[in-house]
Every structure is written in C-alpha cells, then in structure tokens.
>>> print(open('run36.cif').read())   # mmCIF, C-alpha atoms
data_target
#
loop_
_atom_site.label_atom_id
_atom_site.label_comp_id
_atom_site.auth_asym_id
_atom_site.auth_seq_id
_atom_site.Cartn_x
_atom_site.Cartn_y
_atom_site.Cartn_z
CA MET A 243 13.01 -17.91 12.27
CA THR A 244 12.94 -15.10 9.72
CA LYS A 245 10.43 -15.55 6.91
CA LEU A 246 10.41 -13.18 3.93
CA ARG A 247 7.58 -12.55 1.49
CA ILE A 248 8.28 -13.29 -2.17
CA ARG A 249 8.33 -9.59 -3.09
CA ASP A 250 10.84 -8.79 -0.33
CA ALA A 251 13.09 -11.70 -1.27
CA ALA A 252 12.94 -10.51 -4.88
CA ARG A 253 13.92 -6.98 -3.86
CA TYR A 254 16.86 -8.25 -1.80
CA LEU A 255 18.02 -10.47 -4.67
CA GLY A 256 17.51 -7.74 -7.28
CA VAL A 257 15.18 -9.92 -9.36
CA SER A 258 11.46 -10.05 -10.14
CA ASP A 259 8.83 -11.70 -7.97
CA ASP A 260 8.31 -14.25 -10.75
CA THR A 261 12.00 -15.15 -10.68
CA VAL A 262 11.78 -15.90 -6.96
CA ARG A 263 8.64 -17.98 -7.56
CA ARG A 264 10.56 -19.96 -10.20
CA MET A 265 13.44 -20.38 -7.74
CA VAL A 266 10.97 -21.73 -5.17
CA ASP A 267 9.49 -24.09 -7.77
CA ALA A 268 13.01 -25.24 -8.69
CA GLY A 269 13.81 -25.98 -5.05
CA THR A 270 16.30 -23.14 -4.47
CA PHE A 271 14.13 -21.96 -1.58
CA THR A 272 11.63 -23.85 0.54
CA ARG A 273 8.05 -22.65 0.13
CA GLY A 274 6.31 -21.61 3.34
CA THR A 275 3.25 -19.60 4.29
CA ASP A 276 2.83 -16.78 6.77
CA PRO A 277 -0.17 -16.46 9.13
CA ALA A 278 -2.05 -14.56 6.38
CA GLY A 279 -1.52 -17.44 3.93
CA ARG A 280 1.02 -15.60 1.74
CA THR A 281 3.96 -17.49 0.28
CA VAL A 282 7.23 -16.86 2.13
CA VAL A 283 10.81 -18.10 1.96
CA ASP A 284 13.19 -18.83 4.81
CA GLY A 285 15.57 -15.96 5.56
CA ARG A 286 18.35 -18.45 6.33
CA GLU A 287 18.04 -19.98 2.87
CA LEU A 288 18.06 -16.52 1.29
CA ALA A 289 21.15 -15.62 3.36
CA ALA A 290 22.96 -18.76 2.20
CA HIS A 291 22.00 -18.06 -1.43
CA ILE A 292 23.17 -14.43 -1.27
CA ARG A 293 26.36 -15.43 0.51
CA GLY A 294 27.10 -17.81 -2.32
CA THR A 295 26.28 -15.36 -5.12
CA GLY A 296 27.43 -12.07 -3.60
CA GLY A 297 24.28 -10.19 -4.61
CA GLN A 298 23.93 -6.50 -3.66
CA LEU A 299 20.85 -5.41 -1.69
CA ASP A 300 18.90 -2.16 -1.70
CA ASP A 301 18.87 -0.16 1.53
CA PRO A 302 15.52 -0.99 3.17
CA SER A 303 15.86 1.61 5.94
CA GLY A 304 14.68 4.69 4.06
CA THR A 305 16.77 6.82 6.41
CA LYS A 306 19.33 9.53 5.75
CA SER A 307 22.67 9.25 7.45
CA SER A 308 25.94 11.12 7.65
CA ALA A 309 27.70 7.76 7.36
CA ARG A 310 28.50 7.35 3.67
CA ASN A 311 29.78 3.82 4.02
CA ARG A 312 26.58 1.83 4.39
CA PHE A 313 26.52 -1.87 3.64
CA VAL A 314 23.09 -3.41 3.14
CA GLY A 315 23.17 -7.13 3.56
CA ILE A 316 21.89 -10.23 5.21
CA VAL A 317 23.09 -11.59 8.53
CA THR A 318 24.91 -14.80 7.62
CA ASP A 319 26.42 -15.70 11.00
CA LEU A 320 25.73 -14.72 14.59
CA VAL A 321 27.70 -15.73 17.67
CA VAL A 322 26.31 -14.58 21.03
CA ASP A 323 28.53 -15.36 24.01
CA GLY A 324 27.60 -13.86 27.36
CA VAL A 325 27.37 -10.09 27.10
CA MET A 326 29.03 -9.78 23.66
CA ALA A 327 28.10 -10.87 20.15
CA GLN A 328 29.74 -11.15 16.74
CA VAL A 329 27.49 -10.41 13.76
CA GLU A 330 28.53 -11.28 10.20
CA LEU A 331 26.78 -9.51 7.36
CA GLN A 332 27.18 -10.39 3.68
CA SER A 333 26.75 -7.30 1.53
CA GLY A 334 27.31 -8.13 -2.10
CA PRO A 335 30.86 -9.40 -2.36
CA HIS A 336 31.72 -7.81 1.00
CA ARG A 337 31.75 -9.54 4.37
CA VAL A 338 31.26 -7.11 7.25
CA VAL A 339 31.79 -8.26 10.83
CA SER A 340 30.60 -6.26 13.83
CA LEU A 341 31.17 -6.80 17.53
CA MET A 342 28.35 -5.52 19.71
CA SER A 343 26.59 -6.27 22.94
CA ALA A 344 24.31 -9.29 23.16
CA GLU A 345 21.65 -6.84 24.38
CA ALA A 346 21.92 -4.91 21.07
CA VAL A 347 21.46 -8.15 19.12
CA ARG A 348 18.30 -8.90 21.11
CA ASP A 349 16.99 -5.31 20.82
CA LEU A 350 17.50 -5.33 17.03
CA GLY A 351 15.99 -8.80 16.68
CA LEU A 352 19.02 -9.98 14.72
CA GLU A 353 19.20 -13.58 13.58
CA VAL A 354 20.66 -15.36 10.57
CA GLY A 355 18.60 -14.29 7.58
CA THR A 356 17.76 -10.82 8.93
CA VAL A 357 18.24 -7.94 6.49
CA ALA A 358 20.36 -5.23 8.11
CA VAL A 359 22.48 -2.18 7.30
CA ALA A 360 26.03 -1.82 8.62
CA SER A 361 27.10 1.83 8.84
CA VAL A 362 30.81 2.53 9.03
CA LYS A 363 32.08 5.91 10.12
CA ALA A 364 35.72 6.00 11.07
CA THR A 365 38.44 8.58 11.50
CA MET A 366 40.97 6.31 9.80
CA VAL A 367 40.50 4.39 6.58
CA SER A 368 43.30 2.42 4.90
CA VAL A 369 43.62 2.45 1.12
CA GLU A 370 45.72 -0.16 -0.67
CA VAL A 371 46.89 -0.63 -4.22
CA PRO A 372 48.37 -3.70 -5.89
CA ALA A 373 52.10 -4.14 -5.40
CA GLU A 374 54.39 -3.46 -8.38
CA PRO A 375 55.28 -6.74 -10.06
CA THR A 376 58.90 -7.71 -9.52
CA ASP A 377 61.15 -8.69 -12.39
CA ALA A 378 62.15 -12.33 -12.16
#
>>> encode(input="run36.cif", output="structure tokens")
Amino acid sequence: MTKLRIRDAARYLGVSDDTVRRMVDAGTFTRGTDPAGRTVVDGRELAAHIRGTGGQLDDPSGTKSSARNRFVGIVTDLVVDGVMAQVELQSGPHRVVSLMSAEAVRDLGLEVGTVAVASVKATMVSVEVPAEPTDA
C-alpha cells in the first residue's frame, strides 16, 4: 500500500504541511508511520480526497518532455486482467484513462494512490465548442 509523507501529501494537495497535519487530526486522513517513524498518510485516502475535490498536482518527475499535454495526478482506479490493464488517473478536474500492459503496471509499481504523470501526444486532437442555443 502506498504511504506518503506529510510534506509530499501537502505538495500534491497544494497546501501546507500544517494543513495536512490538521486534516489528519480532523480525521480526513488516517495517521500512520513509516519505518523511520515519520508520520505518513495512506495514498488511497489521498486519492479519494483528490478525486472528490479535483485538486491539481505539481509534476513530480522533474523531466523535460516533448509532450505538452502532461496530466499529473493520482491513480484512482486500476483494473488488471490477464496481460492488459486499465489505469484511471485523476488530474485536477480531469479523469485520464490509459490502457497498457499488465507488465507495465508492475514495472511502474502502479497502485491506487500512486502519483503518476500521463503524457498525451497524438496526431489528432478534437476541439469542441458549445452548441448555439436554439430559439424555442
């Protein structure tokens, strides 16, 4: 199970460490400890909280990419069936779903609560606008 330190949870929520500590004290997140004795929160609880609030996360990768459409988020659902997997990522108000091999899920160590970055690079992107209102 993914456990996140208070400072990391704060960064992913876009709040201060003290705010996360208050959230733990208020029961929003369950307090845990890592092997070093530091306070941690459950990644699944953080994922559920972010999914409900639609918070935007900072890109933790520190990498440069030619893909301009990068969605930093938390894995909120994961379905592994045989050789394929479906990964759902909540990035702010956006839900991104990716189909990949089960091997890739294992290699990346993905599980609900994992912070990840979805990069989208496509040759075709659809753009939509609201329909004109009709006169009744």
>>> resolve_selection(input="run36.cif", expression="the PyMOL selection byres ((chain A and resi 275-292) around 6)", output="list in words")
Thr244, Lys245, Leu246, Arg247, Ile248, Thr272, Arg273, Gly274, Arg293, Gly294, Thr295, Gly296, Gly297, Ile316, Thr318, Val354 and Gly355 of chain A
>>> residues_near_point(input="run36.cif", point="(31.9, -7.0, 16.8)", cutoff="7 Å", atoms="all atoms listed in the file", output="list of chain:residue names")
A:Ala327, A:Gln328, A:Val329, A:Val339, A:Ser340, A:Leu341, A:Met342
>>> atom_distance(input="run36.cif", atom1="CA of Leu350 in chain A", atom2="CA of Arg337 in chain A")
19.5 Å
>>> atom_distance(input="run36.cif", atom1="CA of Ala360 in chain A", atom2="CA of Glu330 in chain A")
9.9 Å
>>> atom_distance(input="run36.cif", atom1="CA of Arg348 in chain A", atom2="CA of Leu331 in chain A")
16.2 Å
>>> residues_near_point(input="run36.cif", point="(17.9, -6.2, 8.0)", cutoff="7 Å", atoms="only C-alpha atoms", output="JSON, numbers by chain")
{"A": [315, 316, 356, 357, 358, 359]}
>>> write_last_selection(input="run36.cif", atoms="C-alpha atoms", output="mmCIF file, in the coordinates of the input")
data_model
loop_
_atom_site.group_PDB
_atom_site.id
_atom_site.type_symbol
_atom_site.label_atom_id
_atom_site.label_comp_id
_atom_site.auth_asym_id
_atom_site.auth_seq_id
_atom_site.Cartn_x
_atom_site.Cartn_y
_atom_site.Cartn_z
ATOM 1 C CA GLY A 315 23.170 -7.130 3.560
ATOM 2 C CA ILE A 316 21.890 -10.230 5.210
ATOM 3 C CA THR A 356 17.760 -10.820 8.930
ATOM 4 C CA VAL A 357 18.240 -7.940 6.490
ATOM 5 C CA ALA A 358 20.360 -5.230 8.110
ATOM 6 C CA VAL A 359 22.480 -2.180 7.300
#
>>> closest_residue(input="run36.cif", among="A:Gly334, A:Ala268, A:Asp349, A:Leu320", to="Gly256 in chain A", atoms="only C-alpha atoms")
A:Gly334
>>> closest_residue(input="run36.cif", among="A:Arg253, A:Phe271, A:Asn311, A:Ser333", to="Ser361 in chain A", atoms="only C-alpha atoms")
A:Asn311
